[in-house]
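Comments concern the structure below.
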Amino acid sequence: MLKVINGYVYDPVQGLNGQKKDLWIDNGTIIEAPEEKSQGCQVIDAADMIVMPGGVDIHSHIAGPKIYSARLLRPEEYRRYYDLKKRTLQESTAVAVPTISLTGFLYTKMGYTTVMEAAVPPIMARHAHMDLNDIPVIDKGCFILMGNNRYIFDLISRKQKGQLKDFVAWLLHNTGGYAIKIVDPGGVDSWKGQKVICSLDDLLEGFNISPRHILASLAEASDELGLPHGIHVHCNNLGMPGNILTTEETITAVSGRRLHLAHVQFHCYGGTSVDNWNSAAYRLIELLEKNSNVTVDVGQIMFGETTALSADGRLQYELHRASGCKWMNKDIEMETGSGLLPLSYSEKNWINVMQWAAGLELLLSATNPWQLFLTTDHPNGCSFVNYPLIIQLLMDKGFRRQVMQKLNKKGLKRTALLDIDREYSLNDIVVITRSGPAKALGLKRKGHLQVGADADIAIYRKANGRVDFSKAYYVIKSGKMVVKEGEIIDRFPGVTYMVKPRYDENITEVIRAYYKKYSTISAANYAVQDNYYKAKEVIPCT
Amino acid sequence: MVCPFCSLLCDDLTVITRGNAIVEVNGACNTGLSRFINAHKNRARCMVHGAASEYSRAVQAAAEILSGCRHPLIFGLSSAVCEAQKEAVLLAQLIKASIDVASPANLTPSVMAVQLAGFPTCTLGEVKNRADVVVFWGCGSGASCQQFFSRFSINAKGEFITRGEKDRFIISVDTAPAAAAKYANLILRVDAGQDYEVLGVLRGLIKGKKILQQKVGGICLEKLKELAKRLKQCRYGVFVYGTGLASTRRAYMNVAAAVSLVRDLNSFTRFSIVPVYGDDYANVSGVQQIFASVSGYPLAVNFSREYPRYNPGEFSAAELISNEDVDGILMVGAEPEDNLPGPVLKGLKNIPLILINSHHSPLMKYADVVIPTTVNGVGASGTYFRVDGVPLYADKLLDDVGYISDFEALKLLSERLCANVKSD
């Protein structure tokens, strides 16, 4: 048994806003205070410290083929982790793709205990699980790419709703997935045939359907299967001026069903061309106010170098054309594509500054923090190690103004950030980094500290009047202390969350025949065997 | 069943076993068939300093050699399963070793080219379903070629290539007659060592540059113009390259030139580049993934300092062995003696060698310790990555009584060395 005493507890779910409260932990979960004094209880004195649930990252890229490709492409980047003079790791260095072990440790040291890998092609799922399985400490899950699957196109165009639902369930079941991911619906596949999808109503070649149909059909399948998390969507037209219209259409397309929009900072632009390109953050906030079925994560960028990687292959190609940097692409049979390249965001470049400011504008003008969560689309916006810095930007307007002085003025003026004085409270921070994402993911034992919750707890110290989010003083994961005085003291595998929705067994034969024709591996070899999970938990569908 | 004997990993074989013997194999190529049927013939025997031994003594002897080394090398691993590869990297970290991949000639140059220029590629299913133009450059001829042709490329029927060979335009570029030439609509014979020049001129031609020479690398300009036109006009092209492209000293520049050509072609159409690795090295794709996930780097890694260092050419096995820069070698999966250049063989004779291998190998005469293993995919299960990065699980076919797997051998060695480190 473990007891955390004297800490100021922040838990919006229970309405705790810095009240002193002791927490009792046994067998990995939070329990009622025992009536009798128990023997052999480990006590953590959190006096003057801030206690909150472990962080939950709803959208990150930490496992699978894209991550390997990024390591392969950029050995120069990884090297920067080491301080040759001090001969130590430089953990604050924002590197796009840390090694497997470091990924777990860096998240844990910040007090994050649950991370979702946001884009896994079904045929590569085994690879993603090998990586996830080896990432220490944190709990995890992965979203399975379905928005450019040609068999799904076929089923939608033939209006086979039942079979679509079964196929989606079959895919999730076999790949150990947690949710449906849709990236640039229809666009990734179209680019393989040299076609560009610009609007939700462009028809896909060979199918009488458009991205709108893909979104609507998969949102329906997701709801009917009762998946814990709604469809997780990377909209069409990422990064284009005026794409707020596409984002709005995407919300319309799902007709009120559950929808999570990823890295919306890249999808909230107004204007019609580079000349009048500006932030339409206010418009997105209005959309969130009107559509309570929608949650979003921000995808904040920070200045510096990173590696961009995405299933949106054409976008990465366009970035390559613009920058001339070395470029990798991988078209994946029947299912999806991907691309990656080195990318940097500059304080002097007005477009980059506008992107930076639009992200903060979104966060600071959100009226309901339960709909909008903090992410950096790691590593696309920047590395996740920047979370503490972003939190400081949100909580301290003086600091924000200081940073803004160094930035390109034209870029700032294309957003409303200069006019915003709001500062986040600690409770707001807990919502956007913990309680909100946990709720949207349907992880009922995460994101709060009520009795019955997983004992994933981050404990921070205050320095100079602010909470030091970069280094948790203690971290308790599954009821065990993993960080003590800022250092990792234990490593053990986390749990992989997945769903196992039911499907009609008869679908298997149909799928087998289809795969035999168009895939290069047999349908039976899709199934990720149990030996790829050190610990797994199936989250029930409702 | 998955065939674990080359990096194409055909996954639809049927293998019938009776007791502990394989009696029938269907769907495999000749190489695969012979490997399955002969899996239990000519096996390695446990040896310590030339004398027959047993596992515990061999592991102890290997641990003694490695713990006495100042700079050991772990080498091979491209036929090992990922689980064993991971164990090997962790072992390299533990004993501060260098670690490198035994690989076909085009692997290290490919990695260097990727780091220089990138790599627009695709899975083999895209070749099968979409490729209406396929260029085979320096692919030579090997048994795996035939599988590559029939399953994934030339003869394969796919979603947009419904008639197979008839719907594809096949181009063969090689220094000598190649297997692809038999099916090719256009055959070009390039002078040895001139690939870089030809690729450069092709890049110029597709961009509409004027070329003054009438002949490049032994090929007439007119033929190259025809090729450039074909490449630009396809719907989805694939450039397949083999060890032939990497047979000269500037191998990585050749691959980088090919990558650049393919990248440029994407301004006009869609084009991907795909490597082929020949008949061995079934898991050479997996070993890079595993190395990178643990150390950050795909091959040629050195752990002698607190942080991993990476430099192909410096920490590559061939150089370390030829220069006798290492004082002990753990080789996992024996290389064919013919594949090794003279200076490497000389090094192997002079440096203490531990060999973990399933079959008898001529290299055993140099080995101080031999630890025999079962054949992966036959007597042991594990993960493989296909040449295009598709991961597959090869389930074991039978219980190979009396033999451990390479994963188990490395694990035992690791545990022994850990115990040694602790008792020190």
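Here, A, B, ... name the chains of the structure tokens in the order displayed, residue numbers run from 1 inside each chain, and ligands are numbered from 1 in the same displayed order.
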
Residues near Pro501 in chain A, anyone? I mean within 9 Å using only C-alpha atoms, not counting same-chain ones fewer than 4 positions away, as a ChimeraX atom specification.
/A:166,168-170,172-173,225-227,540-541

Residues near range 387-404 of chain B, anyone? I mean within 6 Å using only C-alpha atoms, not counting same-chain ones fewer than 6 positions away, as a compact mmCIF listing (two decimals) with C-alpha atoms, in the first residue's frame.
```txt
# COMPACT_ATOMS: atom_id res chain seq x y z
CA MET A 124 2.26 -2.80 -40.36
CA VAL B 2 5.95 -18.11 -43.97
CA SER B 7 13.67 -11.36 -47.73
CA ASN B 20 10.18 -34.16 -36.50
CA THR B 123 5.28 -2.01 -50.46
CA SER B 285 15.18 -5.47 -43.14
CA THR B 373 21.06 -23.63 -33.26
CA THR B 374 17.83 -24.78 -34.75
CA GLY B 377 10.95 -20.75 -38.97
CA VAL B 378 11.42 -24.52 -38.70
CA GLY B 379 12.38 -25.29 -35.10
CA ALA B 380 11.84 -21.80 -33.67
CA SER B 381 9.29 -19.01 -34.12
```

Could you list, as an mmCIF file with N, CA and C atoms, in the first residue's frame, the residues of chain A having an atom within 6 Å of chain B when counting only C-alpha atoms?
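Result file selection.cif:
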```cif
data_model
loop_
_atom_site.group_PDB
_atom_site.id
_atom_site.type_symbol
_atom_site.label_atom_id
_atom_site.label_comp_id
_atom_site.auth_asym_id
_atom_site.auth_seq_id
_atom_site.Cartn_x
_atom_site.Cartn_y
_atom_site.Cartn_z
ATOM 1 N N LEU A 73 16.350 7.918 -41.781
ATOM 2 C CA LEU A 73 16.609 9.100 -42.603
ATOM 3 C C LEU A 73 17.555 10.074 -41.921
ATOM 4 N N THR A 99 14.936 7.019 -29.097
ATOM 5 C CA THR A 99 14.879 5.556 -29.152
ATOM 6 C C THR A 99 13.671 5.082 -28.348
ATOM 7 N N ILE A 100 13.408 3.798 -28.473
ATOM 8 C CA ILE A 100 12.259 3.202 -27.793
ATOM 9 C C ILE A 100 12.286 3.480 -26.285
ATOM 10 N N MET A 124 1.056 -3.046 -41.154
ATOM 11 C CA MET A 124 2.260 -2.802 -40.360
ATOM 12 C C MET A 124 1.982 -2.867 -38.846
ATOM 13 N N LYS A 326 15.793 16.233 -48.129
ATOM 14 C CA LYS A 326 15.669 14.811 -48.441
ATOM 15 C C LYS A 326 14.284 14.321 -48.017
ATOM 16 N N TRP A 327 13.749 13.393 -48.795
ATOM 17 C CA TRP A 327 12.326 13.052 -48.628
ATOM 18 C C TRP A 327 12.125 11.544 -48.749
ATOM 19 N N MET A 328 11.375 11.000 -47.822
ATOM 20 C CA MET A 328 10.996 9.589 -47.917
ATOM 21 C C MET A 328 9.500 9.506 -48.158
ATOM 22 N N ASN A 329 9.103 8.495 -48.876
ATOM 23 C CA ASN A 329 7.685 8.270 -49.099
ATOM 24 C C ASN A 329 7.476 6.764 -49.050
ATOM 25 N N LYS A 330 6.321 6.351 -48.592
ATOM 26 C CA LYS A 330 6.029 4.927 -48.675
ATOM 27 C C LYS A 330 4.553 4.724 -48.964
ATOM 28 N N ASP A 331 4.264 4.239 -50.151
ATOM 29 C CA ASP A 331 2.890 3.882 -50.486
ATOM 30 C C ASP A 331 2.642 2.477 -49.964
ATOM 31 N N ILE A 332 1.543 2.312 -49.264
ATOM 32 C CA ILE A 332 1.264 1.023 -48.639
ATOM 33 C C ILE A 332 0.042 0.398 -49.276
ATOM 34 N N GLU A 333 0.223 -0.780 -49.818
ATOM 35 C CA GLU A 333 -0.775 -1.429 -50.669
ATOM 36 C C GLU A 333 -2.171 -1.424 -50.062
ATOM 37 N N TYR A 518 -5.620 -8.924 -54.018
ATOM 38 C CA TYR A 518 -4.939 -7.631 -54.098
ATOM 39 C C TYR A 518 -3.805 -7.411 -53.099
ATOM 40 N N SER A 519 -3.732 -8.192 -52.052
ATOM 41 C CA SER A 519 -2.674 -7.977 -51.065
ATOM 42 C C SER A 519 -1.521 -8.917 -51.376
ATOM 43 N N THR A 520 -0.394 -8.693 -50.732
ATOM 44 C CA THR A 520 0.726 -9.620 -50.904
ATOM 45 C C THR A 520 0.941 -10.457 -49.660
#
```

Skip range 178-192 of chain B itself and residues of its chain fewer than 3 positions away, then list as a PyMOL selection string all residues within 7 Å of it, counting only C-alpha atoms.
chain B and resi 136+139-141+169-175+195+217-219

Could you dump the residues just selected with C-alpha atoms as a short mmCIF file (atom, residue, chain, number, x, y, z; two decimals), in the first residue's frame?
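Once everything was written out, this is part-v5.cif:
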```
data_model
loop_
_atom_site.label_atom_id
_atom_site.label_comp_id
_atom_site.auth_asym_id
_atom_site.auth_seq_id
_atom_site.Cartn_x
_atom_site.Cartn_y
_atom_site.Cartn_z
CA PHE B 136 15.13 -3.72 -63.12
CA CYS B 139 19.22 -7.15 -60.37
CA GLY B 140 21.25 -9.98 -61.94
CA SER B 141 19.78 -13.43 -61.63
CA PHE B 169 6.37 -2.30 -69.72
CA ILE B 170 9.49 -4.02 -68.41
CA ILE B 171 12.95 -2.48 -68.66
CA SER B 172 16.15 -4.33 -67.85
CA VAL B 173 19.40 -2.45 -67.26
CA ASP B 174 22.43 -4.53 -66.35
CA THR B 175 26.09 -5.08 -67.11
CA ASP B 195 25.66 3.41 -63.74
CA GLY B 217 28.07 4.18 -70.37
CA GLY B 218 27.95 2.25 -73.64
CA ILE B 219 24.31 3.19 -74.30
#
```

Which residues in range 2-232 of chain B does DSSP call helix (DSSP H, G or I)? List them as a PyMOL selection string.
chain B and resi 30-37+55-67+82-94+107-117+124-130+143-152+164-167+179-183+195-206+221-232

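Across the model, the gap from CA of Ser217 in chain A to CA of Ile182 in chain A is 11.6 Å.
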
Best match for closeness to Phe303 in chain B among B:Lys210, B:Lys349, B:His71, B:Lys365, counting only C-alpha atoms:
B:His71

Quick one: of A:Gly206, A:Thr246, A:Ile459, A:Ala322, who's nearest to Ile5 in chain A, counting only C-alpha atoms?
A:Ile459

Could you pull out the residues in range 163-385 of chain B that DSSP calls strand (DSSP E) from the backbone, as number ranges by chain?
B: 169-174, 186-189, 215-216, 219-220, 236-241, 270-275, 301-302, 309-310, 328-332, 353-357, 369-372, 382-385

Need the shell around range 316-320 of chain A: protein/DNA/RNA residues with any atom at most 7 Å away, counting only C-alpha atoms. Skip same-chain ones fewer than 5 positions apart. Format as a PDB file with N, CA and C atoms, in the first residue's frame?
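File written: around.pdb
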```
ATOM      1  N   CYS A 325      14.434  19.485 -49.095  1.00  0.00           N
ATOM      2  CA  CYS A 325      15.070  18.549 -48.159  1.00  0.00           C
ATOM      3  C   CYS A 325      14.910  17.097 -48.628  1.00  0.00           C
ATOM      4  N   TRP A 327      13.749  13.393 -48.795  1.00  0.00           N
ATOM      5  CA  TRP A 327      12.326  13.052 -48.628  1.00  0.00           C
ATOM      6  C   TRP A 327      12.125  11.544 -48.749  1.00  0.00           C
ATOM      7  N   GLY A 339       4.730   9.791 -45.704  1.00  0.00           N
ATOM      8  CA  GLY A 339       5.900  10.525 -46.167  1.00  0.00           C
ATOM      9  C   GLY A 339       6.587  11.173 -44.991  1.00  0.00           C
ATOM     10  N   LEU A 340       7.877  11.449 -45.135  1.00  0.00           N
ATOM     11  CA  LEU A 340       8.567  12.158 -44.069  1.00  0.00           C
ATOM     12  C   LEU A 340       9.764  12.932 -44.589  1.00  0.00           C
ATOM     13  N   LEU A 341      10.117  13.973 -43.856  1.00  0.00           N
ATOM     14  CA  LEU A 341      11.247  14.810 -44.238  1.00  0.00           C
ATOM     15  C   LEU A 341      11.652  15.705 -43.063  1.00  0.00           C
TER      16      LEU A 341
END
```

For Val183 in chain A, find every residue with an atom within 9 Å (counting only C-alpha atoms), except residues of its own chain fewer than 5 positions away, and show them as a PyMOL selection string.
chain A and resi 119+145-148+188+232-236+310-312+336

Shell around Ile197 in chain A at 8 Å using only C-alpha atoms, local window under 4 positions removed, as number ranges by chain:
A: 186-187, 190, 202, 236

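Nearest residue to Asn30 in chain B among B:Gln213, B:Asn420, B:Ser98, B:Gln146 is B:Gln146, counting only C-alpha atoms.
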
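When only C-alpha atoms are used to compute distances to Asp11 in chain A, the closest of the residues A:Ala458, A:Ile511, A:Val475, A:Val120 turns out to be A:Ala458.
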
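You can rank A:Leu374, A:Ala118, A:Ile521, A:Leu418 by their closest distance to His61 in chain A using only C-alpha atoms, and at the top of that list sits A:Ala118.
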
Excluding Arg401 in chain A and any residue of its chain fewer than 5 positions from it, enumerate the residues within 12 Å of it, using only C-alpha atoms, and give them as a ChimeraX atom specification.
/A:357,392-396,406-407,412,417-423
